[in-house]
$ cat protein_33.txt   # compact mmCIF, C-alpha atoms
# COMPACT_ATOMS: atom_id res chain seq x y z
CA MET F 1 195.00 -25.52 23.39
CA LEU F 2 194.70 -27.02 19.89
CA SER F 3 195.20 -23.65 18.15
CA ARG F 4 198.19 -22.97 20.39
CA SER F 5 199.75 -26.33 19.45
CA LEU F 6 199.18 -25.71 15.75
CA CYS F 7 200.79 -22.28 16.10
CA LEU F 8 203.91 -23.74 17.73
CA LEU F 9 204.07 -26.52 15.11
CA SER F 10 203.91 -23.89 12.37
CA SER F 11 206.75 -21.95 14.05
CA PHE F 12 208.90 -25.07 14.17
CA TRP F 13 208.29 -25.85 10.50
CA LEU F 14 209.35 -22.40 9.32
CA VAL F 15 212.50 -22.36 11.46
CA ALA F 16 213.44 -25.85 10.28
CA ALA F 17 212.65 -25.13 6.64
CA GLU F 18 215.18 -24.12 3.98
CA PRO F 19 215.92 -20.44 4.83
CA ALA F 20 215.09 -19.05 1.38
CA THR F 21 211.76 -20.88 1.40
CA ALA F 22 211.00 -19.65 4.91
CA PHE F 23 211.68 -16.01 4.04
CA GLU F 24 209.50 -16.25 0.93
CA GLU F 25 206.79 -17.48 3.29
CA TYR F 26 207.35 -14.32 5.32
CA GLY F 27 206.68 -12.20 2.22
CA CYS F 28 210.32 -11.05 1.93
CA PRO F 29 211.70 -9.96 -1.49
CA THR F 30 214.47 -12.55 -1.67
CA SER F 31 215.43 -11.50 -5.19
CA GLU F 32 216.26 -7.99 -3.94
CA LEU F 33 218.06 -8.67 -0.67
CA HIS F 34 219.85 -11.67 0.76
CA PHE F 35 218.18 -13.19 3.85
CA ARG F 36 219.81 -15.84 5.98
CA LEU F 37 219.80 -17.19 9.52
CA GLU F 38 222.95 -16.50 11.54
CA ASN F 39 221.47 -18.84 14.16
CA ASP F 40 217.98 -19.68 15.44
CA PHE F 41 217.18 -16.09 16.42
CA VAL F 42 219.32 -13.73 14.29
CA VAL F 43 218.17 -12.94 10.74
CA SER F 44 220.78 -11.27 8.52
CA ILE F 45 219.51 -8.95 5.76
CA SER F 46 222.06 -7.66 3.24
CA PRO F 47 222.03 -6.26 -0.31
CA PHE F 48 223.03 -8.16 -3.41
CA ARG F 49 225.75 -6.20 -5.17
CA HIS F 50 224.13 -5.73 -8.58
CA ALA F 51 225.84 -4.01 -11.47
CA ASP F 52 223.33 -1.11 -11.41
CA GLU F 53 225.37 0.72 -8.73
CA THR F 54 222.44 1.12 -6.35
CA LYS F 55 223.29 3.37 -3.43
CA TRP F 56 222.41 1.26 -0.40
CA ASP F 57 222.28 4.21 2.00
CA SER F 58 219.99 5.25 4.85
CA LYS F 59 217.38 6.71 2.51
CA TRP F 60 217.18 3.47 0.49
CA LEU F 61 217.00 1.31 3.63
CA SER F 62 214.44 3.59 5.31
CA THR F 63 212.17 3.41 2.27
CA TRP F 64 212.61 -0.35 2.02
CA THR F 65 211.70 -0.95 5.66
CA GLN F 66 208.52 1.08 5.27
CA ASN F 67 207.52 -0.88 2.15
CA ASN F 68 208.16 -4.34 3.61
CA THR F 69 206.43 -4.31 6.97
CA LYS F 70 204.96 -7.83 6.67
CA CYS F 71 208.37 -9.34 5.95
CA LEU F 72 210.04 -7.53 8.85
CA LYS F 73 207.25 -8.18 11.34
CA THR F 74 207.12 -11.89 10.57
CA ALA F 75 210.88 -12.40 10.66
CA PHE F 76 211.21 -10.29 13.82
CA PHE F 77 208.62 -12.13 15.90
CA ARG F 78 209.54 -15.51 14.46
CA HIS F 79 213.21 -15.17 15.41
CA GLY F 80 213.90 -12.09 17.60
CA VAL F 81 216.76 -10.16 15.94
CA LEU F 82 217.14 -8.45 12.56
CA LEU F 83 220.69 -7.67 11.42
CA PHE F 84 220.99 -5.12 8.58
CA ARG F 85 224.49 -5.58 7.18
CA GLY F 86 226.32 -4.17 4.16
CA PHE F 87 224.37 -0.91 3.92
CA GLU F 88 226.09 2.49 3.71
CA ILE F 89 225.15 3.82 7.14
CA LEU F 90 228.19 5.99 7.77
CA GLU F 91 227.20 8.29 10.63
CA PRO F 92 224.91 8.38 13.69
CA LEU F 93 222.42 10.70 11.97
CA ALA F 94 221.98 8.14 9.18
CA PHE F 95 221.38 5.46 11.82
CA GLU F 96 218.78 7.68 13.45
CA GLU F 97 217.03 8.09 10.08
CA VAL F 98 216.74 4.31 9.70
CA ALA F 99 215.71 3.85 13.33
CA LEU F 100 212.93 6.44 12.98
CA SER F 101 211.74 4.80 9.77
CA LEU F 102 211.25 1.60 11.75
CA VAL F 103 210.05 3.03 15.07
CA PRO F 104 209.02 6.71 14.83
CA ASN F 105 208.30 6.93 18.56
CA LEU F 106 211.83 6.55 19.92
CA GLU F 107 212.56 7.42 23.54
CA LYS F 108 214.98 9.70 25.39
CA ALA F 109 214.33 8.85 29.05
CA TYR F 110 216.84 6.27 30.25
CA LEU F 111 216.51 4.65 33.67
CA GLY F 112 218.96 1.82 33.03
CA THR F 113 222.09 0.87 34.90
CA SER F 114 224.82 1.57 32.31
CA PRO F 115 226.22 5.09 31.91
CA ARG F 116 225.26 6.59 28.52
CA SER F 117 225.81 9.82 26.60
CA GLN F 118 223.67 11.38 23.89
CA ILE F 119 225.40 11.75 20.51
CA ASN F 120 225.77 15.34 19.29
CA GLY F 121 223.58 16.22 16.33
CA THR F 122 221.01 13.51 17.04
CA SER F 123 217.79 13.48 19.03
CA TYR F 124 217.53 9.81 19.98
CA VAL F 125 220.98 8.21 19.58
CA PHE F 126 223.12 7.41 22.62
CA THR F 127 226.30 5.53 23.38
CA ALA F 128 225.45 1.94 24.30
CA ALA F 129 227.65 1.96 27.44
CA ASP F 130 230.37 4.37 28.58
CA PHE F 131 232.47 1.69 30.25
CA SER F 132 236.20 1.10 29.90
CA PRO F 133 237.28 -1.75 27.58
CA HIS F 134 237.99 -4.13 30.48
CA ARG F 135 234.40 -3.93 31.76
CA THR F 136 231.97 -6.63 30.70
CA VAL F 137 228.22 -5.98 30.53
CA PRO F 138 226.25 -9.15 31.36
CA VAL F 139 223.37 -9.89 28.99
CA HIS F 140 220.02 -8.47 30.00
CA ILE F 141 216.65 -7.36 28.73
CA GLU F 142 216.80 -3.57 28.61
CA MET F 143 215.33 -2.02 31.77
CA SER F 144 213.56 -5.28 32.67
CA PHE F 145 213.11 -3.97 36.24
CA ARG F 146 210.47 -1.51 34.99
CA ASP F 147 206.74 -2.19 34.74
CA SER F 148 206.90 -1.33 31.03
CA PRO F 149 210.37 -1.93 29.56
CA PRO F 150 211.21 -0.95 25.97
CA ALA F 151 209.89 -3.23 23.24
CA THR F 152 212.46 -2.42 20.57
CA GLN F 153 216.22 -1.89 20.95
CA LEU F 154 218.49 -0.89 18.06
CA PHE F 155 222.30 -0.87 17.88
CA TYR F 156 224.64 0.71 15.32
CA ALA F 157 228.33 0.01 14.75
CA GLN F 158 230.04 3.33 14.06
CA GLN F 159 233.55 2.02 14.60
CA VAL F 160 234.90 -1.50 15.26
CA ASP F 161 238.69 -1.17 15.19
CA GLN F 162 239.44 -2.90 18.49
CA TRP F 163 242.17 -5.55 18.41
CA LYS F 164 240.10 -8.33 19.98
CA GLY F 165 236.71 -8.90 21.59
CA GLY F 166 233.98 -6.26 21.78
CA GLU F 167 231.18 -8.49 20.51
CA THR F 168 227.60 -7.99 21.66
CA PRO F 169 226.35 -11.21 23.28
CA LEU F 170 222.71 -11.84 22.31
CA THR F 171 220.67 -14.25 24.43
CA ASP F 172 217.34 -15.91 23.71
CA PHE F 173 215.61 -15.61 27.08
CA GLN F 174 212.65 -17.61 25.81
CA ALA F 175 215.02 -20.58 25.43
CA VAL F 176 216.64 -19.78 28.80
CA TRP F 177 213.33 -20.15 30.61
CA LYS F 178 212.49 -23.31 28.68
CA GLN F 179 215.73 -24.85 30.00
CA LEU F 180 215.29 -23.60 33.57
CA SER F 181 211.62 -24.63 33.77
CA SER F 182 212.54 -28.22 32.86
CA ASP F 183 213.84 -28.54 36.44
CA PRO F 184 210.74 -28.69 38.71
CA GLN F 185 212.63 -27.45 41.77
CA LEU F 186 214.04 -24.42 39.96
CA SER F 187 210.72 -23.73 38.30
CA ALA F 188 208.99 -23.64 41.70
CA SER F 189 211.66 -21.26 43.07
CA PHE F 190 210.98 -18.78 40.28
CA ALA F 191 207.19 -18.77 40.53
CA GLY F 192 206.79 -15.46 42.35
CA LYS F 193 208.59 -12.15 42.20
CA MET F 194 212.11 -10.92 42.88
CA LYS F 195 213.09 -7.77 44.76
CA TYR F 196 215.48 -5.32 43.13
CA LEU F 197 217.68 -3.01 45.16
CA ARG F 198 219.88 -0.41 43.48
CA ASN F 199 222.11 2.01 45.40
CA LEU F 200 223.15 5.11 43.45
CA ASP F 201 225.83 7.24 45.07
CA ASP F 202 225.93 11.02 45.06
CA CYS F 203 228.03 12.21 42.11
CA ASN F 204 230.36 14.01 44.54
CA SER F 205 231.19 10.80 46.43
CA THR F 206 230.88 7.88 44.04
CA SER F 207 232.50 4.60 45.09
CA LEU F 208 235.55 3.71 43.01
CA LEU F 209 235.80 0.15 44.34
CA ASP F 210 232.30 -1.33 44.14
CA PRO F 211 231.77 -2.42 40.49
CA LEU F 212 228.02 -2.61 41.10
CA VAL F 213 227.93 1.18 41.58
CA GLN F 214 227.59 1.90 37.88
CA LYS F 215 226.57 5.55 37.92
CA CYS F 216 225.53 8.29 40.34
CA TRP F 217 221.92 9.29 40.73
CA GLN F 218 222.33 12.83 39.34
CA LYS F 219 223.24 11.19 36.00
CA MET F 220 219.84 9.48 35.99
CA PHE F 221 217.69 12.33 37.34
CA LYS F 222 217.91 16.12 37.14
CA ASP F 223 217.41 16.63 40.88
CA LYS F 224 215.55 15.13 43.83
CA GLU F 225 212.21 16.50 42.71
CA ASP F 226 212.66 14.90 39.28
CA ALA F 227 213.77 11.66 40.95
CA ARG F 228 210.68 11.57 43.16
CA GLU F 229 208.40 12.16 40.16
CA LYS F 230 210.06 9.45 38.06
CA CYS F 231 210.08 7.02 40.99
CA ALA F 232 206.35 7.54 41.50
CA GLU F 233 205.68 7.00 37.78
CA GLU F 234 207.73 3.78 37.77
CA ASN F 235 206.41 2.41 41.10
CA PHE F 236 209.91 2.63 42.58
CA ASN F 237 210.42 3.10 46.32
CA CYS F 238 213.15 5.78 46.45
CA THR F 239 214.91 7.02 49.58
CA TRP F 240 218.12 8.95 50.39
CA ASP F 241 220.37 8.28 53.36
CA SER F 242 222.51 10.72 55.33
CA PHE F 243 225.29 10.45 52.70
CA ASN F 244 222.84 11.48 49.96
CA ARG F 245 222.93 7.96 48.54
CA LEU F 246 219.74 7.05 46.67
CA THR F 247 218.29 3.57 47.17
CA ILE F 248 215.72 2.35 44.62
CA ARG F 249 213.58 -0.66 45.53
CA ASN F 250 210.92 -2.43 43.52
CA ALA F 251 209.64 -5.93 42.76
CA GLN F 252 208.98 -7.65 39.44
CA PRO F 253 208.17 -11.21 38.35
CA PHE F 254 210.86 -13.63 37.21
CA ILE F 255 208.83 -14.52 34.12
CA ARG F 256 206.64 -12.50 31.77
CA ALA F 257 204.58 -13.57 28.78
CA HIS F 258 205.68 -12.14 25.44
CA PRO F 259 203.07 -9.51 24.46
CA VAL F 260 202.72 -10.86 20.90
CA THR F 261 203.61 -14.55 20.88
CA GLY F 262 202.41 -15.32 24.41
CA GLU F 263 205.54 -17.38 25.10
CA PRO F 264 206.96 -17.27 28.67
CA ILE F 265 210.25 -15.33 28.87
CA TRP F 266 212.97 -15.32 31.56
CA TYR F 267 212.44 -11.60 32.10
CA ASN F 268 214.57 -10.00 34.80
CA HIS F 269 217.79 -8.14 35.63
CA ILE F 270 219.48 -10.53 38.05
CA ASN F 271 222.28 -11.27 35.57
CA VAL F 272 223.42 -7.62 35.80
CA LEU F 273 222.55 -6.63 39.34
CA HIS F 274 223.80 -9.62 41.34
CA GLY F 275 227.49 -9.61 42.26
CA GLN F 276 228.08 -13.33 41.69
CA MET F 277 227.10 -13.16 38.03
CA MET F 278 229.74 -10.86 36.51
CA PRO F 279 232.87 -12.96 37.22
CA LYS F 280 231.30 -15.91 35.37
CA ASP F 281 231.15 -13.82 32.20
CA TYR F 282 234.87 -13.13 32.33
CA ALA F 283 235.43 -16.87 32.71
CA ARG F 284 233.28 -17.48 29.62
CA THR F 285 235.31 -14.92 27.66
CA ALA F 286 238.53 -16.67 28.71
CA SER F 287 237.12 -19.94 27.35
CA LEU F 288 236.45 -18.25 23.98
CA TRP F 289 239.81 -16.49 23.65
CA SER F 290 243.01 -18.32 22.80
CA GLY F 291 246.73 -17.86 23.37
CA LEU F 292 248.13 -15.35 25.82
CA ALA F 293 245.12 -13.04 25.32
CA LYS F 294 242.91 -15.36 27.40
CA LEU F 295 245.02 -14.60 30.46
CA TRP F 296 243.44 -11.12 30.65
CA PRO F 297 239.78 -12.25 31.11
CA MET F 298 241.02 -15.03 33.42
CA ALA F 299 242.74 -12.42 35.59
CA LEU F 300 239.63 -10.21 35.58
CA SER F 301 237.43 -13.14 36.60
CA PHE F 302 239.78 -13.91 39.50
CA TYR F 303 239.95 -10.22 40.51
CA TYR F 304 236.16 -9.74 40.62
CA ARG F 305 235.60 -13.02 42.47
CA LEU F 306 238.17 -11.93 45.05
CA LEU F 307 236.71 -8.41 45.26
CA PHE F 308 233.14 -9.58 45.83
CA SER F 309 234.34 -12.16 48.37
CA PHE F 310 236.22 -9.43 50.23
CA PHE F 311 233.17 -7.13 50.27
CA GLY F 312 231.08 -10.07 51.48
CA LEU F 313 233.22 -10.35 54.60
CA PHE F 314 232.40 -6.81 55.73
CA PHE F 315 229.16 -5.71 54.04
CA PRO F 316 225.71 -7.25 53.51
CA GLU F 317 224.45 -7.69 49.94
CA THR F 318 222.10 -4.76 50.40
CA ALA F 319 225.00 -2.35 50.99
CA MET F 320 226.50 -3.05 47.58
CA GLY F 321 225.72 -1.02 44.47
CA SER F 322 222.91 -3.43 43.63
CA THR F 323 221.50 -6.82 44.44
CA VAL F 324 218.45 -8.98 43.83
CA LEU F 325 216.61 -10.96 46.50
CA LYS F 326 213.74 -13.41 46.52
CA GLU F 327 210.26 -12.09 47.28
CA ASN F 328 210.54 -13.22 50.91
CA GLY F 329 213.85 -11.37 51.30
CA GLU F 330 216.05 -14.47 51.12
CA ALA F 331 219.25 -14.49 49.09
CA PHE F 332 219.61 -16.72 46.03
CA THR F 333 221.68 -19.84 46.56
CA THR F 334 224.92 -20.40 44.67
CA GLU F 335 223.29 -23.40 42.99
CA GLU F 336 220.39 -21.28 41.73
CA LEU F 337 222.70 -18.57 40.40
CA THR F 338 224.92 -21.16 38.72
CA ALA F 339 221.91 -22.77 37.01
CA MET F 340 220.73 -19.37 35.76
CA LYS F 341 224.15 -18.53 34.35
CA ALA F 342 224.58 -21.91 32.69
CA ALA F 343 221.23 -21.55 30.92
CA ILE F 344 222.09 -18.02 29.81
CA HIS F 345 225.47 -19.04 28.41
CA GLN F 346 223.90 -22.05 26.68
CA HIS F 347 221.61 -19.78 24.66
CA THR F 348 223.98 -16.87 23.97
CA PHE F 349 225.38 -15.96 20.56
CA ASN F 350 228.26 -13.49 20.31
CA HIS F 351 227.50 -11.01 17.54
CA ALA F 352 230.72 -9.67 16.02
CA TYR F 353 230.00 -6.28 14.50
CA LYS F 354 231.04 -5.07 11.08
CA ARG F 355 231.20 -1.36 10.30
CA SER F 356 227.69 0.13 9.72
CA ASP F 357 225.77 -2.86 11.12
CA ILE F 358 222.30 -2.07 12.45
CA VAL F 359 220.88 -4.64 14.85
CA MET F 360 217.17 -4.53 15.76
CA VAL F 361 216.32 -6.55 18.87
CA ASP F 362 213.00 -7.72 20.29
CA ASN F 363 213.63 -6.54 23.85
CA HIS F 364 210.72 -8.60 25.18
CA ARG F 365 212.63 -11.77 24.28
CA ILE F 366 216.29 -11.20 23.37
CA GLY F 367 218.88 -9.89 25.82
CA HIS F 368 222.07 -8.04 24.93
CA GLY F 369 225.37 -7.30 26.66
CA ARG F 370 228.98 -6.40 25.88
CA GLU F 371 232.17 -8.42 25.76
CA ILE F 372 235.43 -6.88 26.96
CA TYR F 373 237.86 -5.82 24.26
CA LEU F 374 241.52 -5.04 23.70
CA GLY F 375 242.33 -1.63 22.29
CA PRO F 376 241.71 2.05 23.07
CA LYS F 377 238.26 2.90 24.39
CA THR F 378 237.51 4.91 21.23
CA SER F 379 238.40 1.99 18.94
CA ARG F 380 234.92 0.54 19.50
CA MET F 381 231.95 2.90 19.12
CA ILE F 382 228.52 1.26 19.35
CA TYR F 383 225.44 3.47 19.55
CA THR F 384 221.86 2.67 20.48
CA ALA F 385 218.26 3.87 20.23
CA TRP F 386 215.13 2.35 21.73
CA SER F 387 211.36 2.56 21.91
CA ASP F 388 208.74 1.43 24.40
CA HIS F 389 206.75 0.17 21.41
CA TYR F 390 207.04 -2.05 18.38
CA PRO F 391 206.88 -0.33 14.96
CA PRO F 392 203.37 1.18 14.72
CA ALA F 393 203.20 0.40 10.97
CA TRP F 394 203.25 -3.28 11.87
CA LYS F 395 199.77 -2.95 13.38
CA GLU F 396 198.41 -2.32 9.91
CA VAL F 397 199.81 -5.63 8.69
CA GLY F 398 197.47 -7.51 10.97
CA GLU F 399 198.15 -10.98 12.31
CA VAL F 400 200.86 -12.71 10.33
CA SER F 401 201.21 -16.42 9.75
CA GLY F 402 202.47 -18.12 12.88
CA GLU F 403 201.73 -15.23 15.25
CA CYS F 404 200.38 -16.93 18.34
CA SER F 405 198.47 -13.94 19.66
CA SER F 406 197.48 -10.68 18.09
CA GLY F 407 198.46 -7.21 19.17
CA VAL F 408 201.61 -5.18 18.55
CA ASN F 409 202.01 -2.54 21.25

$ encode --input "protein_33.txt" --output "structure tokens"
Amino acid sequence: MLSRSLCLLSSFWLVAAEPATAFEEYGCPTSELHFRLENDFVVSISPFRHADETKWDSKWLSTWTQNNTKCLKTAFFRHGVLLFRGFEILEPLAFEEVALSLVPNLEKAYLGTSPRSQINGTSYVFTAADFSPHRTVPVHIEMSFRDSPPATQLFYAQQVDQWKGGETPLTDFQAVWKQLSSDPQLSASFAGKMKYLRNLDDCNSTSLLDPLVQKCWQKMFKDKEDAREKCAEENFNCTWDSFNRLTIRNAQPFIRAHPVTGEPIWYNHINVLHGQMMPKDYARTASLWSGLAKLWPMALSFYYRLLFSFFGLFFPETAMGSTVLKENGEAFTTEELTAMKAAIHQHTFNHAYKRSDIVMVDNHRIGHGREIYLGPKTSRMIYTAWSDHYPPAWKEVGEVSGECSSGVN
């Protein structure tokens, strides 16, 4: 208990310290690159523009990341997000080069809820979400409904020419749980597990009205045999009905301990999969926008509230594209859902991309989403790559100052 308290006190001191001093403590070369805190959990890393005309491209950044593992590991676990900004990363293949320099064991298998497409010419780069501009993506920990979700998530801004919006909300789910657990009644309600239910339509008969039907099952699996194999590997209960609709059921805890720091994390997918959560995000967007533009997210919030209320008159929650229930099968109360959403919004930071940004996220702590935007769908092009592991080179660094438990998996 004493060592744990000293660890947390050390973490507080470095966050509260003068940023330059803190990053020197991390072992970061502050004379070479500029380090600063965007907020408590986003660390911005950008080049100084020296007169020597250094080419700050993917090769330079890849080499630098491999030579500064202690700096990156410490900053990453201390805060949660690394933002590489101002580097000349001009195409998806260059992003993939940097991503592989950080995490050589990137993944291709995607069992998440958002529709994605692989980028031509790359092996591990995908679109972040193939939704229309009006569609919000509530913040979430990537594939948190799995037994072993990804550890590292990376994003790359290929194009950011939208007229308004399009930020990536980033949420500190460690802080979310700290806020929720301060209420004894809520804390007791979230002590066990939650049950996930996802309904994936056949691609030949996909619902056009239910916004919780986000993709058809043939886009996730090759065929039924592949689906059964993947479901068995993931401990999913998978069944098809007479309309060839696939239902995926599984249970996971509300809270998980961070594998490195040991801190408890609000670690689940209810913010995406429950119908009452999405309209609240449109309302938040309306509160952030000004002028006539805010009328659009206000209208969308009203539309989705009305749509879900209409569905609720005729269909049970379990007939929708997805839902989340308590372990005993009970539905969440409106008060519980409202408290969750309030805590999430309280600890969310909207990251506004600049061209060529690379954002590296600790997926075991920090959630991500997508704001709606105004402009053609192709005006905003954000790509992603991910790994089930943290950078393997970080294991060689050993335990860094302030790391509350050892082990980088």

$ closest_residue --input "protein_33.txt" --among "F:Met220, F:Ile372, F:Phe95, F:Pro391" --to "Gln158 of chain F" --atoms "all atoms listed in the file"
F:Phe95

$ closest_residue --input "protein_33.txt" --among "F:Thr74, F:Asn120, F:Thr65, F:Thr113" --to "Glu91 of chain F" --atoms "all atoms listed in the file"
F:Asn120

$ residues_around --input "protein_33.txt" --residues "Phe76 of chain F" --least-positions-apart "2" --cutoff "9 Å" --atoms "all atoms listed in the file" --output "NGL selection string"
:F and (41-43 or 71-74 or 78-82 or 360-362)

$ atom_distance --input "protein_33.txt" --atom1 "atom CA of Gly262 of chain F" --atom2 "atom CA of Leu111 of chain F"
26.1 Å

$ closest_residue --input "protein_33.txt" --among "F:Phe155, F:Tyr303, F:Tyr26, F:Phe310" --to "Arg85 of chain F" --atoms "only C-alpha atoms"
F:Phe155
